[in-house]
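Enquirer: Handing over query_32.csv, CSV, C-alpha atoms and all ligand atoms.
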```csv
chain,number,residue,atom,x,y,z
A,1,MET,CA,-1.8,16.6,-22.9
A,2,GLN,CA,-4.2,15.6,-20.2
A,3,SER,CA,-3.5,16.8,-16.7
A,4,ILE,CA,-0.9,14.8,-14.9
A,5,PRO,CA,-1.3,14.4,-11.1
A,6,TYR,CA,1.6,13.6,-8.7
A,7,GLY,CA,0.1,10.2,-7.8
A,8,LYS,CA,-2.8,8.0,-9.0
A,9,GLN,CA,-4.4,4.6,-8.3
A,10,ASN,CA,-4.4,1.9,-10.9
A,11,ILE,CA,-7.7,0.0,-11.0
A,12,GLU,CA,-8.1,-2.7,-13.6
A,13,GLN,CA,-10.8,-5.2,-14.6
A,14,ASP,CA,-9.7,-7.9,-12.2
A,15,ASP,CA,-9.9,-5.4,-9.3
A,16,ILE,CA,-13.5,-4.6,-10.3
A,17,ASP,CA,-14.5,-8.2,-10.7
A,18,ALA,CA,-13.1,-9.1,-7.3
A,19,VAL,CA,-15.1,-6.4,-5.6
A,20,ILE,CA,-18.3,-7.2,-7.4
A,21,LYS,CA,-17.9,-10.9,-6.4
A,22,THR,CA,-17.8,-10.0,-2.7
A,23,LEU,CA,-20.9,-7.9,-3.0
A,24,THR,CA,-23.0,-11.1,-3.5
A,25,ALA,CA,-21.0,-13.2,-1.1
A,26,ASP,CA,-22.2,-14.1,2.4
A,27,PHE,CA,-19.9,-11.6,4.1
A,28,LEU,CA,-19.5,-7.9,3.4
A,29,THR,CA,-17.4,-7.5,6.5
A,30,GLN,CA,-15.7,-9.9,9.1
A,31,GLY,CA,-15.6,-12.6,6.5
A,32,PRO,CA,-12.9,-14.7,4.8
A,33,LYS,CA,-11.5,-12.0,2.5
A,34,VAL,CA,-10.1,-10.1,5.4
A,35,LYS,CA,-8.0,-13.0,6.7
A,36,GLU,CA,-6.9,-13.9,3.1
A,37,PHE,CA,-5.7,-10.3,2.6
A,38,GLU,CA,-3.9,-10.4,6.0
A,39,ASP,CA,-2.2,-13.7,5.2
A,40,LYS,CA,-1.1,-12.6,1.7
A,41,PHE,CA,0.1,-9.3,3.0
A,42,ALA,CA,2.1,-10.9,5.8
A,43,GLU,CA,3.7,-13.2,3.3
A,44,TYR,CA,4.5,-10.4,0.9
A,45,VAL,CA,6.4,-8.3,3.5
A,46,GLY,CA,7.8,-11.4,5.3
A,47,ALA,CA,6.2,-10.8,8.7
A,48,LYS,CA,4.5,-13.4,10.9
A,49,PHE,CA,1.3,-11.5,11.5
A,50,ALA,CA,-0.8,-8.9,9.8
A,51,VAL,CA,-3.9,-7.1,11.0
A,52,ALA,CA,-6.1,-5.3,8.5
A,53,VAL,CA,-7.6,-2.0,9.7
A,54,ASN,CA,-9.8,0.7,8.2
A,55,ASN,CA,-6.9,3.1,7.5
A,56,ALA,CA,-3.3,3.6,8.5
A,57,THR,CA,-4.2,6.3,11.0
A,58,SER,CA,-6.2,3.7,12.9
A,59,GLY,CA,-3.4,1.3,12.5
A,60,LEU,CA,-1.0,3.8,14.1
A,61,HIS,CA,-3.4,4.4,16.9
A,62,LEU,CA,-3.7,0.7,17.7
A,63,ALA,CA,0.0,0.4,17.4
A,64,VAL,CA,0.8,2.9,20.1
A,65,LEU,CA,-1.9,1.4,22.3
A,66,ALA,CA,-0.7,-2.1,21.8
A,67,LEU,CA,2.7,-1.0,22.9
A,68,GLY,CA,1.2,0.5,26.1
A,69,LEU,CA,1.7,4.2,25.5
A,70,LYS,CA,0.3,6.2,28.4
A,71,PRO,CA,-0.7,9.9,28.7
A,72,GLY,CA,2.4,12.1,29.1
A,73,GLU,CA,4.8,9.6,27.7
A,74,ARG,CA,7.1,10.9,25.0
A,75,VAL,CA,7.7,9.6,21.5
A,76,ILE,CA,10.2,10.8,18.8
A,77,THR,CA,9.3,11.0,15.1
A,78,THR,CA,10.4,12.9,12.0
A,79,PRO,CA,9.1,16.3,11.1
A,80,ILE,CA,8.9,15.4,7.4
A,81,THR,CA,5.9,13.1,7.4
A,82,PHE,CA,2.2,13.2,7.2
A,83,ALA,CA,0.6,14.4,10.4
A,84,ALA,CA,-0.8,11.0,11.2
A,85,SER,CA,2.6,9.7,12.2
A,86,ALA,CA,2.6,12.1,15.1
A,87,ASN,CA,-1.2,12.3,15.8
A,88,CYS,CA,-1.3,8.7,16.9
A,89,VAL,CA,0.8,9.6,19.9
A,90,ARG,CA,-1.6,12.5,20.8
A,91,TYR,CA,-4.6,10.1,20.6
A,92,ALA,CA,-3.0,8.2,23.5
A,93,GLY,CA,-2.2,11.5,25.3
A,94,GLY,CA,1.5,11.3,24.6
A,95,GLU,CA,3.9,14.0,23.7
A,96,VAL,CA,5.4,14.2,20.3
A,97,TRP,CA,9.1,15.2,20.0
A,98,PHE,CA,10.8,15.7,16.7
A,99,ALA,CA,14.4,14.9,15.7
A,100,ASP,CA,15.9,16.3,12.4
A,101,ILE,CA,16.1,14.6,9.1
A,102,ASP,CA,19.2,13.6,7.1
A,103,PRO,CA,19.7,16.3,4.3
A,104,ASP,CA,20.2,13.7,1.6
A,105,THR,CA,17.9,10.8,2.3
A,106,TYR,CA,15.2,13.0,4.0
A,107,LEU,CA,14.7,10.2,6.6
A,108,LEU,CA,14.8,10.7,10.3
A,109,SER,CA,18.4,11.2,11.2
A,110,LEU,CA,19.9,8.6,13.5
A,111,GLU,CA,22.4,11.1,14.8
A,112,SER,CA,19.8,13.7,15.6
A,113,THR,CA,17.6,11.1,17.3
A,114,LYS,CA,20.6,9.8,19.3
A,115,ASN,CA,21.5,13.4,20.4
A,116,LEU,CA,17.9,14.2,21.4
A,117,ILE,CA,17.7,11.0,23.5
A,118,LYS,CA,21.1,11.6,25.1
A,119,SER,CA,20.2,15.2,26.0
A,120,LYS,CA,17.5,13.8,28.4
A,121,PRO,CA,17.6,11.5,31.5
A,122,LYS,CA,17.2,7.8,30.9
A,123,GLY,CA,13.6,6.7,30.5
A,124,TYR,CA,12.5,10.1,29.2
A,125,PHE,CA,11.3,8.7,25.8
A,126,LYS,CA,9.2,5.6,25.2
A,127,GLY,CA,9.5,5.0,21.5
A,128,ILE,CA,10.5,6.1,18.0
A,129,ILE,CA,8.3,6.3,14.9
A,130,PRO,CA,10.7,6.4,11.9
A,131,VAL,CA,9.0,6.8,8.5
A,132,ASP,CA,10.1,5.2,5.2
A,133,PHE,CA,9.6,8.6,3.6
A,134,ALA,CA,8.8,8.6,-0.1
A,135,GLY,CA,9.3,4.8,-0.1
A,136,LEU,CA,12.9,4.9,1.0
A,137,PRO,CA,13.3,2.3,3.9
A,138,VAL,CA,14.8,3.5,7.1
A,139,ASN,CA,17.8,1.5,8.3
A,140,LEU,CA,15.9,-0.1,11.2
A,141,GLU,CA,18.9,-2.2,12.4
A,142,GLU,CA,20.7,1.1,13.4
A,143,PHE,CA,17.5,2.4,15.0
A,144,ARG,CA,17.0,-1.0,16.8
A,145,ASN,CA,20.5,-0.8,18.3
A,146,LEU,CA,19.8,2.7,19.6
A,147,ALA,CA,16.3,1.8,20.8
A,148,ASP,CA,17.7,-1.3,22.7
A,149,GLU,CA,20.3,0.9,24.4
A,150,HIS,CA,17.5,3.1,25.8
A,151,ASP,CA,14.7,0.7,26.2
A,152,LEU,CA,12.5,2.1,23.5
A,153,TRP,CA,10.0,0.5,21.1
A,154,ILE,CA,9.9,1.2,17.4
A,155,ILE,CA,6.8,1.6,15.1
A,156,GLU,CA,7.9,1.7,11.4
A,157,ASP,CA,5.5,4.0,9.5
A,158,ALA,CA,5.7,2.1,6.2
A,159,ALA,CA,2.7,3.9,4.6
A,160,HIS,CA,4.9,4.8,1.6
A,161,ALA,CA,6.9,1.7,1.3
A,162,PRO,CA,5.4,-1.7,0.6
A,163,GLY,CA,8.0,-3.5,-1.5
A,164,GLY,CA,11.0,-1.5,-0.3
A,165,CYS,CA,13.9,-3.1,1.5
A,166,PHE,CA,17.3,-2.2,3.0
A,167,THR,CA,20.4,-4.4,3.6
A,168,ASP,CA,21.5,-5.0,7.2
A,169,SER,CA,25.0,-5.4,8.5
A,170,LYS,CA,24.9,-9.2,7.9
A,171,GLY,CA,24.2,-8.5,4.2
A,172,GLU,CA,20.6,-9.7,4.5
A,173,ARG,CA,17.8,-7.9,2.7
A,174,GLN,CA,15.1,-6.6,5.1
A,175,LYS,CA,11.8,-5.8,3.6
A,176,CYS,CA,9.7,-2.9,5.0
A,177,GLY,CA,7.3,-4.2,7.6
A,178,ASN,CA,9.0,-7.6,8.1
A,179,GLY,CA,9.1,-7.0,11.8
A,180,ASN,CA,12.7,-8.1,12.3
A,181,TYR,CA,13.8,-4.8,13.8
A,182,ALA,CA,10.7,-2.7,14.4
A,183,ASP,CA,8.0,-3.9,16.9
A,184,LEU,CA,5.2,-3.0,14.6
A,185,ALA,CA,4.9,-1.6,11.1
A,186,VAL,CA,1.9,0.3,9.6
A,187,PHE,CA,0.9,0.5,5.9
A,188,SER,CA,-1.8,2.6,4.2
A,189,PHE,CA,-4.1,1.7,1.4
A,190,HIS,CA,-5.3,5.2,0.6
A,191,PRO,CA,-5.5,5.4,-3.2
A,192,VAL,CA,-2.6,7.7,-3.5
A,193,LYS,CA,-0.4,5.0,-1.9
A,194,HIS,CA,0.8,1.8,-3.6
A,195,ILE,CA,-2.2,-0.4,-2.9
A,196,ALA,CA,-5.7,1.2,-3.2
A,197,CYS,CA,-8.6,0.0,-1.0
A,198,GLY,CA,-10.5,3.3,-1.0
A,199,GLU,CA,-9.5,3.5,2.6
A,200,GLY,CA,-7.5,0.8,4.4
A,201,GLY,CA,-4.4,-0.1,6.3
A,202,MET,CA,-2.4,-3.0,7.7
A,203,VAL,CA,-0.3,-3.5,10.8
A,204,THR,CA,2.4,-6.1,10.7
A,205,THR,CA,4.5,-7.7,13.5
A,206,ASN,CA,6.4,-10.8,14.5
A,207,SER,CA,5.1,-10.6,18.1
A,208,GLU,CA,2.1,-12.8,18.9
A,209,VAL,CA,1.4,-10.8,22.0
A,210,LEU,CA,1.2,-7.6,20.0
A,211,TYR,CA,-0.8,-9.4,17.3
A,212,ARG,CA,-3.4,-10.5,19.9
A,213,LYS,CA,-3.7,-7.0,21.4
A,214,LEU,CA,-4.2,-5.5,17.9
A,215,LEU,CA,-7.0,-8.0,17.1
A,216,LEU,CA,-8.7,-7.2,20.4
A,217,LEU,CA,-8.5,-3.4,20.1
A,218,ARG,CA,-9.6,-3.4,16.4
A,219,THR,CA,-13.0,-4.9,17.5
A,220,HIS,CA,-14.1,-2.9,20.6
A,221,GLY,CA,-11.8,-4.8,22.9
A,222,ILE,CA,-14.3,-7.7,22.7
A,223,THR,CA,-13.3,-11.3,22.3
A,224,LYS,CA,-15.0,-14.7,22.4
A,225,GLU,CA,-11.7,-16.6,22.6
A,226,ASN,CA,-10.8,-18.8,25.6
A,227,MET,CA,-14.2,-18.5,27.3
A,228,GLU,CA,-15.4,-21.1,29.8
A,229,GLU,CA,-17.5,-23.7,28.1
A,230,ASP,CA,-20.6,-23.4,30.4
A,231,GLN,CA,-21.0,-19.7,29.7
A,232,GLY,CA,-23.2,-20.3,26.6
A,233,GLY,CA,-22.5,-19.8,22.9
A,234,TRP,CA,-23.5,-16.2,22.9
A,235,TYR,CA,-21.0,-15.2,25.6
A,236,TYR,CA,-18.3,-12.7,25.0
A,237,GLU,CA,-16.1,-10.4,27.1
A,238,MET,CA,-15.1,-6.8,26.6
A,239,GLN,CA,-11.6,-6.9,28.1
A,240,ASP,CA,-10.3,-3.5,27.1
A,241,LEU,CA,-11.7,-0.3,25.6
A,242,GLY,CA,-11.3,-0.9,21.9
A,243,PHE,CA,-12.7,0.5,18.6
A,244,ASN,CA,-14.3,-0.5,15.4
A,245,TYR,CA,-11.3,-0.1,13.1
A,246,ARG,CA,-12.2,-3.0,10.9
A,247,LEU,CA,-11.5,-3.3,7.1
A,248,THR,CA,-14.5,-4.7,5.1
A,249,ASP,CA,-14.4,-7.8,2.9
A,250,ILE,CA,-15.2,-5.5,-0.1
A,251,GLN,CA,-12.1,-3.5,0.6
A,252,SER,CA,-10.0,-6.6,1.3
A,253,ALA,CA,-11.0,-8.2,-2.0
A,254,LEU,CA,-9.7,-5.1,-3.7
A,255,GLY,CA,-6.6,-5.1,-1.5
A,256,ILE,CA,-5.8,-8.7,-2.6
A,257,THR,CA,-5.9,-8.0,-6.3
A,258,GLN,CA,-4.0,-4.7,-5.8
A,259,LEU,CA,-1.3,-6.4,-3.7
A,260,SER,CA,-0.7,-9.0,-6.5
A,261,LYS,CA,0.3,-6.1,-8.7
A,262,ASN,CA,2.6,-4.3,-6.2
A,263,LYS,CA,5.8,-6.1,-7.3
A,264,ALA,CA,5.4,-4.9,-10.9
A,265,GLY,CA,4.3,-1.5,-9.6
A,266,VAL,CA,7.4,-1.0,-7.6
A,267,ILE,CA,9.5,-2.1,-10.6
A,268,ARG,CA,7.7,0.5,-12.8
A,269,ARG,CA,8.1,3.2,-10.2
A,270,ASN,CA,11.8,2.5,-10.1
A,271,GLU,CA,12.0,2.8,-13.9
A,272,ILE,CA,10.4,6.1,-13.7
A,273,ALA,CA,12.8,7.2,-10.9
A,274,GLU,CA,15.7,6.1,-13.1
A,275,ALA,CA,14.5,8.2,-16.0
A,276,TYR,CA,14.1,11.3,-13.7
A,277,LYS,CA,17.6,10.7,-12.2
A,278,ASN,CA,19.2,10.4,-15.7
A,279,ALA,CA,17.6,13.6,-16.8
A,280,PHE,CA,18.4,15.6,-13.6
A,281,LYS,CA,21.9,14.2,-12.6
A,282,GLY,CA,24.3,17.1,-12.0
A,283,LYS,CA,21.5,19.7,-12.4
A,284,ILE,CA,18.9,19.1,-9.8
A,285,LYS,CA,19.2,17.5,-6.3
A,286,PHE,CA,17.0,14.4,-5.7
A,287,GLN,CA,16.6,12.0,-2.8
A,288,SER,CA,19.7,9.9,-2.4
A,289,LEU,CA,19.6,6.1,-2.3
A,290,PRO,CA,21.9,4.3,0.2
A,291,GLU,CA,23.6,1.3,-1.0
A,292,GLY,CA,21.7,-2.0,-0.8
A,293,THR,CA,18.4,-0.2,-0.5
A,294,VAL,CA,15.3,-0.5,-2.7
A,295,ASN,CA,13.2,2.6,-2.7
A,296,ALA,CA,9.5,1.7,-3.2
A,297,HIS,CA,9.0,5.2,-4.6
A,298,HIS,CA,5.7,6.4,-3.4
A,299,LEU,CA,7.1,9.7,-4.3
A,300,PHE,CA,9.9,11.2,-6.4
A,301,VAL,CA,11.2,14.3,-4.6
A,302,ILE,CA,13.5,16.9,-5.9
A,303,GLU,CA,14.9,20.2,-4.4
A,304,ILE,CA,14.6,23.5,-6.3
A,305,ASP,CA,15.5,26.9,-5.0
A,306,ASP,CA,12.5,28.6,-6.6
A,307,ARG,CA,10.1,25.8,-5.6
A,308,LYS,CA,7.0,28.0,-5.6
A,309,GLY,CA,7.9,29.2,-9.1
A,310,LEU,CA,8.2,25.7,-10.4
A,311,TYR,CA,5.0,24.5,-8.7
A,312,ASP,CA,3.0,27.4,-10.3
A,313,PHE,CA,4.7,27.0,-13.7
A,314,LEU,CA,4.0,23.3,-13.8
A,315,ARG,CA,0.3,24.0,-13.0
A,316,THR,CA,0.0,26.2,-16.0
A,317,GLU,CA,1.2,23.1,-18.0
A,318,ASN,CA,-1.4,20.9,-16.3
A,319,ILE,CA,1.2,19.1,-14.2
A,320,PHE,CA,0.0,18.9,-10.6
A,321,THR,CA,2.9,18.4,-8.2
A,322,GLN,CA,2.6,18.3,-4.4
A,323,ILE,CA,4.8,19.2,-1.4
A,324,HIS,CA,5.7,16.5,1.0
A,325,TYR,CA,5.5,17.7,3.7
A,326,ILE,CA,4.9,20.9,5.6
A,327,PRO,CA,7.0,20.0,8.7
A,328,VAL,CA,4.6,18.6,11.3
A,329,PRO,CA,6.0,20.7,14.2
A,330,THR,CA,5.2,23.9,12.3
A,331,LEU,CA,1.5,23.0,11.9
A,332,PRO,CA,-0.5,25.3,14.2
A,333,TYR,CA,-1.7,22.5,16.4
A,334,TYR,CA,1.9,21.3,17.1
A,335,LYS,CA,3.4,24.7,17.1
A,336,GLN,CA,1.4,25.8,20.1
A,337,MET,CA,2.5,22.8,22.2
A,338,ASP,CA,6.2,23.0,21.3
A,339,TYR,CA,8.0,20.6,23.7
A,340,GLY,CA,11.4,21.8,22.8
A,341,SER,CA,12.5,19.5,20.0
A,342,ALA,CA,15.9,19.2,18.5
A,343,ASN,CA,17.3,21.7,16.0
A,344,LEU,CA,15.3,21.0,12.8
A,345,SER,CA,17.3,23.1,10.4
A,346,ASN,CA,17.7,20.2,7.8
A,347,ALA,CA,13.9,19.7,7.8
A,348,GLU,CA,13.3,23.5,7.4
A,349,ASN,CA,15.8,23.8,4.6
A,350,TYR,CA,14.4,20.7,2.9
A,351,TYR,CA,10.8,22.1,3.2
A,352,SER,CA,11.8,25.4,1.5
A,353,LYS,CA,12.9,23.5,-1.6
A,354,CYS,CA,11.1,20.1,-1.9
A,355,ILE,CA,8.6,19.2,-4.6
A,356,SER,CA,7.2,15.8,-5.5
A,357,LEU,CA,7.0,15.1,-9.3
A,358,PRO,CA,4.4,12.7,-10.8
A,359,MET,CA,5.2,9.1,-9.8
A,360,TYR,CA,2.7,6.2,-10.4
A,361,PRO,CA,2.9,3.0,-12.4
A,362,SER,CA,0.5,4.1,-15.1
A,363,LEU,CA,2.5,7.3,-15.9
A,364,THR,CA,3.5,6.9,-19.5
A,365,ASP,CA,6.9,7.5,-20.9
A,366,ASP,CA,5.5,10.4,-23.0
A,367,GLU,CA,3.9,12.0,-20.0
A,368,GLN,CA,7.1,11.7,-18.0
A,369,SER,CA,9.2,13.1,-20.9
A,370,PHE,CA,6.8,16.1,-20.9
A,371,VAL,CA,7.3,16.6,-17.1
A,372,ILE,CA,11.1,16.3,-17.4
A,373,GLU,CA,11.2,18.8,-20.4
A,374,LYS,CA,9.1,21.3,-18.4
A,375,VAL,CA,11.1,21.0,-15.2
A,376,LEU,CA,14.4,21.4,-17.1
A,377,SER,CA,13.1,24.3,-19.1
A,378,PHE,CA,12.1,26.1,-15.8
A,379,VAL,CA,15.5,25.3,-14.2
A,380,ASN,CA,17.4,26.5,-17.2
A,381,GLY,CA,15.4,29.7,-17.3
B,1,LIG,C1,-0.9,8.4,4.2
B,1,LIG,C2,-0.1,8.3,5.4
B,1,LIG,C3,-0.6,7.9,6.7
B,1,LIG,C4,-2.1,7.7,7.0
B,1,LIG,O1,-2.7,6.9,6.1
B,1,LIG,P1,-4.3,6.7,6.0
B,1,LIG,O2,-4.5,5.4,5.5
B,1,LIG,O3,-4.7,7.8,5.1
B,1,LIG,O4,-4.8,6.9,7.4
B,1,LIG,C5,0.3,7.8,7.7
B,1,LIG,N1,1.6,8.0,7.6
B,1,LIG,C6,2.1,8.4,6.4
B,1,LIG,C7,3.6,8.6,6.3
B,1,LIG,C8,1.3,8.6,5.3
B,1,LIG,O5,1.8,9.0,4.2
```
Go ahead and render the structure in this file as structure tokens.
Ligand SMILES: *Cc1c(COP(=O)(O)O)cnc(C)c1O

Expert:
Amino acid sequence: MQSIPYGKQNIEQDDIDAVIKTLTADFLTQGPKVKEFEDKFAEYVGAKFAVAVNNATSGLHLAVLALGLKPGERVITTPITFAASANCVRYAGGEVWFADIDPDTYLLSLESTKNLIKSKPKGYFKGIIPVDFAGLPVNLEEFRNLADEHDLWIIEDAAHAPGGCFTDSKGERQKCGNGNYADLAVFSFHPVKHIACGEGGMVTTNSEVLYRKLLLLRTHGITKENMEEDQGGWYYEMQDLGFNYRLTDIQSALGITQLSKNKAGVIRRNEIAEAYKNAFKGKIKFQSLPEGTVNAHHLFVIEIDDRKGLYDFLRTENIFTQIHYIPVPTLPYYKQMDYGSANLSNAENYYSKCISLPMYPSLTDDEQSFVIEKVLSFVNG
């Protein structure tokens, strides 16, 4: 059996053709493919606006800036995420505070977040960055209610979750990144995520004000819009200190064909998840699925007491699992600036046991059966 990674991109002939076509087109960057990708992505997730960026980390940076985060201001996120969810706050000079996770969904706990907010005076925190971890959507309606009570903004880190949704209290399906409850959402197009652009990201929102700020900051803070007519055709203004965080047309062309396959990809990911669950039910703990929720399944995470033993054993069988994630507040950079976060015992306990099994649309049934057989043989001793 060939080696089996935990995640893998799926590039087909139509993806290759689309990229090659852009190479001989007029625009390699700042051309029509970028807007086409943005429009199609916004439609897919059900948001009014989408802004393509060169990666999700840049998208998160622009998101906190668009929301006006200032040095010293405090933001809450989950410890079980990729470092970028927290780093964006540091880029703007803010403080990162962590609340605990729910022990069954592995998502930022509403209770723990509420308790952390209530333990401080009003106005202490500015925003919350919940993460749709492993592809499981956060119930953003609940977080919105909490945020409104305390005057906080919300950035949904949806890097794992294009195609996921939860059901709100009115019984309506809310797709990840649709902007109905979060102010902004950020997606990643790193090849290990659902949609591969090489590098790439997207920020979605329903706010035109935030949309305009994102556009400005993505391109140096420079605009040619709404200039006085007699200034001359060359005239532009730099209105803010922005960046070059643009996605190219080459990457956007790939994003468009990749996006068109995401629906089928999420269906396949859920088939794979079902097969894992059927095999592990009653034997191995896996991420729970709240009712009315569709997990986009970037990952399939299980908990095992002898996690290191399983990780090493699977490697000898050419199965390459991964650990998501080392809790961010325990990373040396964050450890040394400990602001005094909440009790994070659920996150610590989760981290001691978690392991992500192979999960990607092109994983074959035979490969998955092999993974399941090896995991069960290890667990059964
Ligand atoms: C991958 C990832 C990011 C960063 O994405 P890039 O496109 O690689 O910058 C941010 N947040 C989470 C949760 C991620 O998994």

Enquirer: Which is closest to A:Phe187 among A:Asp366, A:Glu199, A:Glu317, A:Glu36, if we use all atoms listed in the file?

Expert: A:Glu199

Enquirer: To one decimal place, how far is atom CA of A:Pro361 from atom CA of A:Gly265 in Å?

Expert: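 Going from atom CA of A:Pro361 over to atom CA of A:Gly265, I get 5.5 Å.
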
Enquirer: Which residue out of A:Tyr276, A:Tyr91, A:Phe143, A:Phe82 has the minimum interatomic distance to ligand LIG 1 (chain B) when all atoms listed in the file are used?

Expert: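 Closest residue, counting all atoms listed in the file: A:Phe82.
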
Enquirer: For atom CA of A:Leu146 and atom CA of A:Ile117, quote the distance in Å rounded to one decimal.

Expert: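 Atom CA of A:Ile117 lies 9.4 Å from atom CA of A:Leu146.
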
Enquirer: Do you know which residues are within 10 Å of ligand LIG 1 (chain B) using all atoms listed in the file? Can you write them as a PDB file with C-alpha atoms, in the coordinates of the input?

Expert:
```
ATOM      1  CA  VAL A  53      -7.600  -2.000   9.700  1.00  0.00           C
ATOM      2  CA  ASN A  54      -9.800   0.700   8.200  1.00  0.00           C
ATOM      3  CA  ASN A  55      -6.900   3.100   7.500  1.00  0.00           C
ATOM      4  CA  ALA A  56      -3.300   3.600   8.500  1.00  0.00           C
ATOM      5  CA  THR A  57      -4.200   6.300  11.000  1.00  0.00           C
ATOM      6  CA  SER A  58      -6.200   3.700  12.900  1.00  0.00           C
ATOM      7  CA  GLY A  59      -3.400   1.300  12.500  1.00  0.00           C
ATOM      8  CA  LEU A  60      -1.000   3.800  14.100  1.00  0.00           C
ATOM      9  CA  HIS A  61      -3.400   4.400  16.900  1.00  0.00           C
ATOM     10  CA  THR A  78      10.400  12.900  12.000  1.00  0.00           C
ATOM     11  CA  ILE A  80       8.900  15.400   7.400  1.00  0.00           C
ATOM     12  CA  THR A  81       5.900  13.100   7.400  1.00  0.00           C
ATOM     13  CA  PHE A  82       2.200  13.200   7.200  1.00  0.00           C
ATOM     14  CA  ALA A  83       0.600  14.400  10.400  1.00  0.00           C
ATOM     15  CA  ALA A  84      -0.800  11.000  11.200  1.00  0.00           C
ATOM     16  CA  SER A  85       2.600   9.700  12.200  1.00  0.00           C
ATOM     17  CA  ALA A  86       2.600  12.100  15.100  1.00  0.00           C
ATOM     18  CA  ASN A  87      -1.200  12.300  15.800  1.00  0.00           C
ATOM     19  CA  CYS A  88      -1.300   8.700  16.900  1.00  0.00           C
ATOM     20  CA  PRO A 130      10.700   6.400  11.900  1.00  0.00           C
ATOM     21  CA  VAL A 131       9.000   6.800   8.500  1.00  0.00           C
ATOM     22  CA  ASP A 132      10.100   5.200   5.200  1.00  0.00           C
ATOM     23  CA  PHE A 133       9.600   8.600   3.600  1.00  0.00           C
ATOM     24  CA  ALA A 134       8.800   8.600  -0.100  1.00  0.00           C
ATOM     25  CA  GLY A 135       9.300   4.800  -0.100  1.00  0.00           C
ATOM     26  CA  GLU A 156       7.900   1.700  11.400  1.00  0.00           C
ATOM     27  CA  ASP A 157       5.500   4.000   9.500  1.00  0.00           C
ATOM     28  CA  ALA A 158       5.700   2.100   6.200  1.00  0.00           C
ATOM     29  CA  ALA A 159       2.700   3.900   4.600  1.00  0.00           C
ATOM     30  CA  HIS A 160       4.900   4.800   1.600  1.00  0.00           C
ATOM     31  CA  ALA A 161       6.900   1.700   1.300  1.00  0.00           C
ATOM     32  CA  VAL A 186       1.900   0.300   9.600  1.00  0.00           C
ATOM     33  CA  PHE A 187       0.900   0.500   5.900  1.00  0.00           C
ATOM     34  CA  SER A 188      -1.800   2.600   4.200  1.00  0.00           C
ATOM     35  CA  PHE A 189      -4.100   1.700   1.400  1.00  0.00           C
ATOM     36  CA  HIS A 190      -5.300   5.200   0.600  1.00  0.00           C
ATOM     37  CA  PRO A 191      -5.500   5.400  -3.200  1.00  0.00           C
ATOM     38  CA  VAL A 192      -2.600   7.700  -3.500  1.00  0.00           C
ATOM     39  CA  LYS A 193      -0.400   5.000  -1.900  1.00  0.00           C
ATOM     40  CA  ALA A 196      -5.700   1.200  -3.200  1.00  0.00           C
ATOM     41  CA  CYS A 197      -8.600   0.000  -1.000  1.00  0.00           C
ATOM     42  CA  GLY A 198     -10.500   3.300  -1.000  1.00  0.00           C
ATOM     43  CA  GLU A 199      -9.500   3.500   2.600  1.00  0.00           C
ATOM     44  CA  GLY A 200      -7.500   0.800   4.400  1.00  0.00           C
ATOM     45  CA  GLY A 201      -4.400  -0.100   6.300  1.00  0.00           C
ATOM     46  CA  MET A 202      -2.400  -3.000   7.700  1.00  0.00           C
ATOM     47  CA  HIS A 298       5.700   6.400  -3.400  1.00  0.00           C
ATOM     48  CA  HIS A 324       5.700  16.500   1.000  1.00  0.00           C
ATOM     49  CA  TYR A 325       5.500  17.700   3.700  1.00  0.00           C
TER      50      TYR A 325
END
```

Enquirer: What residues have an atom no more than 7 Å from (2.6, 8.8, 27.0) in the file's own frame, counting only C-alpha atoms, and can you write them as a VMD selection string?

Expert: chain A and resid 69 to 74 92 to 95

Enquirer: I'd like to know which of A:Lys261, A:Lys118, A:Lys308, A:Lys285 is closest to A:Ile11, using all atoms listed in the file.

Expert: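 Answer, going by the shortest atom-to-atom distance: A:Lys261.
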
Enquirer: Of the candidates A:Ile355, A:Ala185, A:Ala50, A:Leu344, which shows the shortest atom-to-atom distance to A:Pro103, using all atoms listed in the file?

Expert: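 Once distances to A:Pro103 are computed over all atoms listed in the file, the minimum belongs to A:Leu344.
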
Enquirer: Distance atom CA of A:Val89-atom CA of A:Gly68, one decimal place?

Expert: 11.0 Å

Enquirer: Name the residues in contact with A:Glu111 at a cut-off of 9 Å, using only C-alpha atoms, excluding same-chain residues fewer than 2 positions from it; report them as a ChimeraX atom specification.

Expert: /A:99-100,102,108-109,113-116

Enquirer: Once you have the residues from the selection above, write them out as a short mmCIF file (atom, residue, chain, number, x, y, z; two decimals), in the frame of the given file, restricted to C-alpha atoms.

Expert:
```cif
data_model
loop_
_atom_site.label_atom_id
_atom_site.label_comp_id
_atom_site.auth_asym_id
_atom_site.auth_seq_id
_atom_site.Cartn_x
_atom_site.Cartn_y
_atom_site.Cartn_z
CA ALA A 99 14.40 14.90 15.70
CA ASP A 100 15.90 16.30 12.40
CA ASP A 102 19.20 13.60 7.10
CA LEU A 108 14.80 10.70 10.30
CA SER A 109 18.40 11.20 11.20
CA THR A 113 17.60 11.10 17.30
CA LYS A 114 20.60 9.80 19.30
CA ASN A 115 21.50 13.40 20.40
CA LEU A 116 17.90 14.20 21.40
#
```

Enquirer: For A:Ile372, find every residue with an atom within 10 Å (counting only C-alpha atoms), except residues of its own chain fewer than 4 positions away, and show them as number ranges by chain.

Expert: A: 275-276, 279-280, 357, 366-368, 376-378

Enquirer: Using only C-alpha atoms for the distances, tell me which of A:Val138, A:Ser341, A:Gly309, A:Ser352 is nearest to A:Thr105.

Expert: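 Of the candidates, the smallest distance to A:Thr105 is held by A:Val138.
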